[in-house]
Amino acid sequence: MNHIKDQIRCGAAYRLGLTGKGIGVAVLDTGIFLHRDFDSRVTGFADMVNGKTFAYDDCGHGTHICGIIGGSGRMSGGRYSGIAPGCDLVMVKVLDRKGNGYSSDVLAGISWILERKEKLGIRILNIGGCLLEAGDERKFRSGERREPGMGCRACCGGGGGKQWSQEHEHHDTGDQQKGDHGGVLR
């Protein structure tokens with residue numbers, strides 16, 4: 001992580017006081033564990049999968065992503081902090097304990113975020129750990145056009161270094177390689 005932060009020159013941004021403070025980052029993933037490195041900066045949570053009203057992560061991937069984005073490094077004396085250690089985090093759980101989910105939950109999560117983006121100060125949307133079903137990319141693009149003031153990043157799995165076939169994109173074949181963190185939408 002520190003190597004990447006050096007490559008993108010986070011130190012220079014931090015010296016200018018740019019830590020993400022006051023910026024809300026919404027993350028659609030598997031949930032979030034309220035780790036001490038997030039301090040009190042988890043400002044919103046919604047669960048489109050199980051309907052729970054409290055923050056949790058039954059997979060760990062969402063918490064990991066939030067740590068990369070905005071962990072303070074408090075528990076490591078600042079050694080392991082995220083890219084924007086001052087940002088606010090808003091988690092919408094759209095993926096299950098295996099990292100899989102439905103496009104309808106992802107779209108419901110995006111709607112939830114858009115309804116609250118002003119109140120929660122959301123400027124960035126990170127869609128992590130999922131693959132899109134055929135045709136869904138148009139829905140995401142049209143949503144981005146309606147909300148030009150909010151950036152959107154879709155991080156769609158590692159793929160284990162191999163090329164994904166059409167079959168992998170549409171079906172959970174159960175043959176994902178170890179270390180492959182790409183979820184499959186059903």
# chains A, B, ... in the order shown; residues from 1 in each chain; ligands from 1

call {"tool": "residues_around", "arguments": {"residues": "Val106 (chain A)", "least_positions_apart": "2", "cutoff": "10 Å", "atoms": "only C-alpha atoms", "output": "number ranges by chain"}}
result
A: 28-29, 48-49, 92-95, 101-104, 108-112, 127, 130, 132, 140, 185

call {"tool": "residues_around", "arguments": {"residues": "region 33-37 of chain A", "least_positions_apart": "5", "cutoff": "8 Å", "atoms": "only C-alpha atoms", "output": "list in words"}}
result
Val42, Ala55, Tyr56, Asp57, Gly60, Thr63, Gly67, Gly71, Ser72, Gly73, Arg74 and Met75 of chain A

call {"tool": "closest_residue", "arguments": {"among": "A:Ala84, A:Ser76, A:Val90, A:Phe54", "to": "Gly17 (chain A)", "atoms": "only C-alpha atoms"}}
result
A:Ala84

call {"tool": "atom_distance", "arguments": {"atom1": "CA of Pro85 (chain A)", "atom2": "CA of Cys59 (chain A)"}}
result
22.6 Å

call {"tool": "closest_residue", "arguments": {"among": "A:Ala46, A:Ala12, A:Ile4, A:Ile23", "to": "Gly86 (chain A)", "atoms": "only C-alpha atoms"}}
result
A:Ile23

call {"tool": "atom_distance", "arguments": {"atom1": "CA of Gln7 (chain A)", "atom2": "CA of Gly82 (chain A)"}}
result
13.7 Å

call {"tool": "atom_distance", "arguments": {"atom1": "CA of Arg41 (chain A)", "atom2": "CA of Leu89 (chain A)"}}
result
5.9 Å

call {"tool": "closest_residue", "arguments": {"among": "A:Asp96, A:Cys66, A:Lys52, A:Ser81", "to": "Cys10 (chain A)", "atoms": "only C-alpha atoms"}}
result
A:Ser81

call {"tool": "select_by_dssp", "arguments": {"residues": "region 2-95 of chain A", "states": "helix (DSSP H, G or I)", "output": "list in words"}}
result
Asn2, His3, Ile4, Lys5, Asp6, Gln7, Cys10, Gly11, Ala12, Ala13, Tyr14, Arg15, Arg36, Asp37, Phe38, His61, Gly62, Thr63, His64, Ile65, Cys66, Gly67, Ile68, Ile69, Gly70, Arg74, Met75 and Ser76 of chain A

call {"tool": "write_last_selection", "arguments": {"atoms": "N, CA, C and O atoms", "output": "mmCIF file, in the first residue's frame"}}
result
data_model
loop_
_atom_site.group_PDB
_atom_site.id
_atom_site.type_symbol
_atom_site.label_atom_id
_atom_site.label_comp_id
_atom_site.auth_asym_id
_atom_site.auth_seq_id
_atom_site.Cartn_x
_atom_site.Cartn_y
_atom_site.Cartn_z
ATOM 1 N N ASN A 2 1.902 1.267 0.819
ATOM 2 C CA ASN A 2 2.753 2.453 0.881
ATOM 3 C C ASN A 2 3.458 2.702 -0.447
ATOM 4 O O ASN A 2 3.679 3.852 -0.827
ATOM 5 N N HIS A 3 3.813 1.623 -1.152
ATOM 6 C CA HIS A 3 4.451 1.755 -2.465
ATOM 7 C C HIS A 3 3.507 2.467 -3.436
ATOM 8 O O HIS A 3 3.918 3.380 -4.166
ATOM 9 N N ILE A 4 2.256 2.068 -3.433
ATOM 10 C CA ILE A 4 1.265 2.699 -4.312
ATOM 11 C C ILE A 4 1.068 4.158 -3.911
ATOM 12 O O ILE A 4 0.988 5.048 -4.766
ATOM 13 N N LYS A 5 0.985 4.422 -2.623
ATOM 14 C CA LYS A 5 0.813 5.804 -2.162
ATOM 15 C C LYS A 5 1.994 6.668 -2.598
ATOM 16 O O LYS A 5 1.804 7.835 -2.957
ATOM 17 N N ASP A 6 3.198 6.093 -2.606
ATOM 18 C CA ASP A 6 4.363 6.832 -3.109
ATOM 19 C C ASP A 6 4.233 7.092 -4.606
ATOM 20 O O ASP A 6 4.531 8.191 -5.082
ATOM 21 N N GLN A 7 3.787 6.080 -5.342
ATOM 22 C CA GLN A 7 3.650 6.224 -6.797
ATOM 23 C C GLN A 7 2.659 7.316 -7.189
ATOM 24 O O GLN A 7 2.875 8.022 -8.173
ATOM 25 N N CYS A 10 0.898 10.598 -2.733
ATOM 26 C CA CYS A 10 0.002 10.975 -1.632
ATOM 27 C C CYS A 10 0.685 11.919 -0.648
ATOM 28 O O CYS A 10 0.037 12.820 -0.111
ATOM 29 N N GLY A 11 1.976 11.729 -0.421
ATOM 30 C CA GLY A 11 2.701 12.582 0.526
ATOM 31 C C GLY A 11 2.575 14.052 0.184
ATOM 32 O O GLY A 11 2.373 14.894 1.063
ATOM 33 N N ALA A 12 2.703 14.381 -1.094
ATOM 34 C CA ALA A 12 2.582 15.777 -1.522
ATOM 35 C C ALA A 12 1.170 16.304 -1.244
ATOM 36 O O ALA A 12 1.002 17.442 -0.793
ATOM 37 N N ALA A 13 0.168 15.480 -1.504
ATOM 38 C CA ALA A 13 -1.214 15.896 -1.233
ATOM 39 C C ALA A 13 -1.423 16.091 0.264
ATOM 40 O O ALA A 13 -2.048 17.076 0.684
ATOM 41 N N TYR A 14 -0.900 15.172 1.076
ATOM 42 C CA TYR A 14 -1.061 15.280 2.524
ATOM 43 C C TYR A 14 -0.392 16.552 3.050
ATOM 44 O O TYR A 14 -0.928 17.214 3.935
ATOM 45 N N ARG A 15 0.785 16.900 2.503
ATOM 46 C CA ARG A 15 1.480 18.124 2.939
ATOM 47 C C ARG A 15 0.658 19.375 2.627
ATOM 48 O O ARG A 15 0.799 20.398 3.296
ATOM 49 N N ARG A 36 -11.391 0.305 14.265
ATOM 50 C CA ARG A 36 -10.941 1.564 14.851
ATOM 51 C C ARG A 36 -10.243 2.482 13.847
ATOM 52 O O ARG A 36 -10.192 3.693 14.046
ATOM 53 N N ASP A 37 -9.699 1.931 12.768
ATOM 54 C CA ASP A 37 -9.061 2.769 11.747
ATOM 55 C C ASP A 37 -10.063 3.618 10.973
ATOM 56 O O ASP A 37 -9.669 4.526 10.244
ATOM 57 N N PHE A 38 -11.348 3.327 11.124
ATOM 58 C CA PHE A 38 -12.357 4.167 10.475
ATOM 59 C C PHE A 38 -12.857 5.254 11.418
ATOM 60 O O PHE A 38 -13.672 6.091 11.025
ATOM 61 N N HIS A 61 -14.439 -8.394 2.381
ATOM 62 C CA HIS A 61 -13.959 -7.650 1.218
ATOM 63 C C HIS A 61 -14.287 -6.164 1.297
ATOM 64 O O HIS A 61 -13.433 -5.313 1.015
ATOM 65 N N GLY A 62 -15.505 -5.823 1.682
ATOM 66 C CA GLY A 62 -15.892 -4.419 1.777
ATOM 67 C C GLY A 62 -15.057 -3.662 2.796
ATOM 68 O O GLY A 62 -14.651 -2.516 2.562
ATOM 69 N N THR A 63 -14.784 -4.302 3.932
ATOM 70 C CA THR A 63 -13.944 -3.683 4.960
ATOM 71 C C THR A 63 -12.539 -3.450 4.425
ATOM 72 O O THR A 63 -11.937 -2.392 4.646
ATOM 73 N N HIS A 64 -12.009 -4.434 3.705
ATOM 74 C CA HIS A 64 -10.680 -4.321 3.097
ATOM 75 C C HIS A 64 -10.635 -3.134 2.132
ATOM 76 O O HIS A 64 -9.707 -2.311 2.183
ATOM 77 N N ILE A 65 -11.624 -3.019 1.272
ATOM 78 C CA ILE A 65 -11.677 -1.925 0.304
ATOM 79 C C ILE A 65 -11.772 -0.578 1.018
ATOM 80 O O ILE A 65 -11.088 0.382 0.658
ATOM 81 N N CYS A 66 -12.601 -0.506 2.053
ATOM 82 C CA CYS A 66 -12.716 0.743 2.815
ATOM 83 C C CYS A 66 -11.412 1.104 3.505
ATOM 84 O O CYS A 66 -11.076 2.289 3.622
ATOM 85 N N GLY A 67 -10.659 0.104 3.938
ATOM 86 C CA GLY A 67 -9.343 0.359 4.526
ATOM 87 C C GLY A 67 -8.382 0.951 3.516
ATOM 88 O O GLY A 67 -7.625 1.879 3.822
ATOM 89 N N ILE A 68 -8.402 0.431 2.305
ATOM 90 C CA ILE A 68 -7.552 0.971 1.240
ATOM 91 C C ILE A 68 -7.953 2.403 0.918
ATOM 92 O O ILE A 68 -7.113 3.274 0.726
ATOM 93 N N ILE A 69 -9.239 2.646 0.878
ATOM 94 C CA ILE A 69 -9.731 3.986 0.544
ATOM 95 C C ILE A 69 -9.476 4.963 1.682
ATOM 96 O O ILE A 69 -8.911 6.039 1.476
ATOM 97 N N GLY A 70 -9.897 4.608 2.906
ATOM 98 C CA GLY A 70 -9.908 5.618 3.956
ATOM 99 C C GLY A 70 -9.515 5.184 5.344
ATOM 100 O O GLY A 70 -9.880 5.852 6.307
ATOM 101 N N ARG A 74 -4.594 4.323 12.379
ATOM 102 C CA ARG A 74 -4.524 4.538 13.831
ATOM 103 C C ARG A 74 -3.976 3.320 14.581
ATOM 104 O O ARG A 74 -3.158 3.455 15.492
ATOM 105 N N MET A 75 -4.410 2.141 14.197
ATOM 106 C CA MET A 75 -4.009 0.933 14.919
ATOM 107 C C MET A 75 -2.574 0.499 14.601
ATOM 108 O O MET A 75 -2.032 -0.359 15.275
ATOM 109 N N SER A 76 -1.961 1.109 13.587
ATOM 110 C CA SER A 76 -0.573 0.776 13.247
ATOM 111 C C SER A 76 0.326 1.990 13.423
ATOM 112 O O SER A 76 1.418 2.044 12.843
#

call {"tool": "closest_residue", "arguments": {"among": "A:Gly121, A:Asn126, A:Ile83, A:Lys21", "to": "Ile8 (chain A)", "atoms": "only C-alpha atoms"}}
result
A:Ile83

call {"tool": "closest_residue", "arguments": {"among": "A:Thr43, A:Gly24, A:Asp88, A:Gly99", "to": "Glu118 (chain A)", "atoms": "only C-alpha atoms"}}
result
A:Gly24

call {"tool": "closest_residue", "arguments": {"among": "A:Arg79, A:Leu16, A:Cys87, A:Met1", "to": "Ser40 (chain A)", "atoms": "only C-alpha atoms"}}
result
A:Cys87
